[in-house]
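K.L.:
Please read through the structure below; I'll follow up with questions.
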Amino acid sequence: MRKTLLPILGLGGLLLLGSCFRDLDPKVAAVKRGIDRSCVQLAQAAIEFDSLPGFPRSLMPKFKCVDAKDWTSGFFPGSLWLAYELTGDENLHAQACKYTDRMEGIQYYKGTHDLGFMVFCSFGNRQRIDGDAHAAEAIVEASKSLSSRFDPQVGLIRSWDFGEWNYPVIIDNMMNLEMLFWASKHTGDASYRDIAVRHADATLRNHFRDDASSYHVVSYCDDGSVESRGTFQGYADESAWARGQAWGLYGYTMCYRETGDEKYLAHARRIADFIMNHPNTPADRIPYWDYNAPDIPDAPRDASAAAVIASGLFELSTLVGDQAEAKRYFDYAETLLVNLSSDDYLAAEGTNGGFILMHSVGHWPAHSEIDTPLNYADYYYLEAIGRYLRLRGIDPRRI
């Protein structure tokens, strides 16, 4: 999750300046429709969950309402913050504050690697948008908690405390490093950044195949050597789980932004090429839940992976020097965003349990959250919208 405005680069004809052109542009109109629909859905969900203690996660009854310790807890308050930023709607601001307040105390929790998702999406957006001092303190405390899961001998942050693995690390963990980079800059303590860099470097060495596709789970021995490589949520150990590829793209793009280390940029480009050129990518580019699912083209799509990819590619387009390459990333992300904003994926007003996007897949092997809305799909969809409009020089509050 980017905490500063993306720079507007020279993307040639991609910049639309002037309200008359914006009014005529069907792509901007589609995104505007997505913003309007998102605000209605989020406001309705906030009211529905007002009397409940937790956060909406999905439409599966088992997971519809989760507490702050669930790895997805920060996405709903984060979506409220992003929607407020896009619209200036004070009701959304009030709801964002209320649901972020429900996260209080989670910054001290050391039982998960997902504190970046949980804290940086909620308190992080509050700090960025409102300049809230307590939110900044919460981020630093969460970074301390996350750092406690780092083993210097292994050189990585431990992901899970369950299962038969010795020291499991999942590709998703790349998304939690941004909070550490922020904490290091905010406090002047280089230890947070050092942990993030060591984790990113070890993941780069061990998590990826020759074609830049990623394993989901790599387990390590106590000396840092690899114990095993496989999957937990993907189709098979050697398959390319779609959301895992999205996490990797987004994570290494962010690492390059934070460090300027060219190896991260090169790797983000390789992952982008894998995603954009995969022969099993459908016509609308919303990926199947796994690029190697055996029942393609009948396999479920994963809108959550598409939203993360779109957001990551928008940022990647700002970091590469070659304008043709930047345009290629931008155009692909724009297509994803416009298609997510269509009736095929954008929920009708008042439906979908208050969620914004339809058709995501949580955990196929466990038969959990299949073809359902997911709160993290909504979050990265809204983030992608904000990045897109900034790159086009468009103020979302004036369209």
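Ordering of the structure tokens sets the chain letters (A, B, ...), residue numbers begin anew at 1 in every chain, and ligands are numbered from 1 in the order given.
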Leaving out Ala303 in chain A and any residue of its chain fewer than 2 positions from it, which residues lie within 9 Å of it when counting only C-alpha atoms, given as a list in words?
P.N.:
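The contact residues come out as Ile286, Pro287, Tyr288, Trp289, Arg301, Ala305, Ala306, Ala307, Val308, Leu340, Tyr345, Leu357, Met358, His359, Ser360, Val361, Pro373, Leu374, Ala377, Asp378 and Tyr381 of chain A.
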K.L.:
At a cut-off of 9 Å, using only C-alpha atoms, what residues contact range 95-98 of chain A? Leave out same-chain residues fewer than 6 positions from it and give the result as a PyMOL selection string.
P.N.:
chain A and resi 43+46-47+76-81+84+122+126
K.L.:
Take the residues that were just selected and, keeping C-alpha atoms, output them as a PDB file, in the first residue's frame.
P.N.:
```pdb
ATOM      1  CA  ALA A  43     -21.763   2.749   3.838  1.00  0.00           C
ATOM      2  CA  ALA A  46     -20.722  -0.102   7.986  1.00  0.00           C
ATOM      3  CA  ILE A  47     -24.281   0.287   9.216  1.00  0.00           C
ATOM      4  CA  PHE A  76     -12.563  -2.998   5.797  1.00  0.00           C
ATOM      5  CA  PRO A  77     -11.429   0.070   7.744  1.00  0.00           C
ATOM      6  CA  GLY A  78      -8.766   0.562   5.081  1.00  0.00           C
ATOM      7  CA  SER A  79     -11.394   0.519   2.337  1.00  0.00           C
ATOM      8  CA  LEU A  80     -13.383   3.143   4.220  1.00  0.00           C
ATOM      9  CA  TRP A  81     -10.296   5.361   4.374  1.00  0.00           C
ATOM     10  CA  TYR A  84     -13.152   8.766   1.906  1.00  0.00           C
ATOM     11  CA  SER A 122      -6.153   0.656   8.916  1.00  0.00           C
ATOM     12  CA  ARG A 126      -5.430   7.008   9.101  1.00  0.00           C
TER      13      ARG A 126
END
```
K.L.:
By how many Å are CA of Thr372 in chain A and CA of Gly234 in chain A apart?
P.N.:
16.7 Å
K.L.:
May I have all residues of range 63-253 of chain A that DSSP, computed from the backbone, assigns to helix (DSSP H, G or I), given as JSON, numbers by chain?
P.N.:
{"A": [75, 76, 77, 78, 79, 80, 81, 82, 83, 84, 85, 86, 87, 90, 91, 92, 93, 94, 95, 96, 97, 98, 99, 100, 101, 106, 107, 108, 115, 116, 117, 118, 119, 120, 123, 124, 125, 126, 127, 128, 129, 130, 133, 134, 135, 136, 137, 138, 139, 140, 141, 142, 143, 144, 145, 146, 147, 171, 172, 173, 174, 175, 176, 177, 178, 179, 180, 181, 182, 183, 184, 185, 186, 187, 190, 191, 192, 193, 194, 195, 196, 197, 198, 199, 200, 201, 202, 203, 204, 205, 206, 242, 243, 244, 245, 246, 247, 248, 249, 250, 251, 252, 253]}
K.L.:
Counting only C-alpha atoms, what is within 10 Å of range 254-270 of chain A, bar same-chain residues fewer than 4 positions away, as a PyMOL selection string?
P.N.:
chain A and resi 1-2+174-175+177-178+181-182+185+193+196-197+200-201+204+208+210-213+248-250+274-276+312-313+315-320+325+329
K.L.:
Any idea what's packed within 10 Å of Asp89 in chain A, counting only C-alpha atoms, ignoring anything in its chain fewer than 4 positions away? Could you give it as a PyMOL selection string?
P.N.:
chain A and resi 39+80+83-85+93-94+397
K.L.:
Between A:Pro300, A:Arg209, A:Asp130, A:Glu227, single out the one closest to Glu164 in chain A, counting only C-alpha atoms.
P.N.:
A:Glu227
K.L.:
Of the candidates A:Ile170, A:Val226, A:Met118, A:Ala272, which one gets nearest to Val154 in chain A if we count only C-alpha atoms?
P.N.:
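Looking only at the distances to Val154 in chain A, the closest residue turns out to be A:Val226.
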K.L.:
Of the residues A:Leu337, A:Val119, A:Ile356, A:Ile296, which is the one nearest to Ala45 in chain A, using only C-alpha atoms?
P.N.:
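Once distances to Ala45 in chain A are computed over only C-alpha atoms, the minimum belongs to A:Ile356.
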K.L.:
Env of Arg229 in chain A: 9 Å cut, atoms = only C-alpha atoms, seq-sep filter 4 positions within chain, self excluded. Answer as a count of residues only.
P.N.:
9
K.L.:
For Gly353 in chain A, which of A:Leu146, A:Ala136, A:Leu59, A:Ile271 is the closest residue, counting only C-alpha atoms?
P.N.:
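For Gly353 in chain A, the nearest of the candidates is A:Leu59.
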K.L.:
To one decimal place in Å, what is the distance between CA of Val28 in chain A and CA of Asp284 in chain A?
P.N.:
17.6 Å
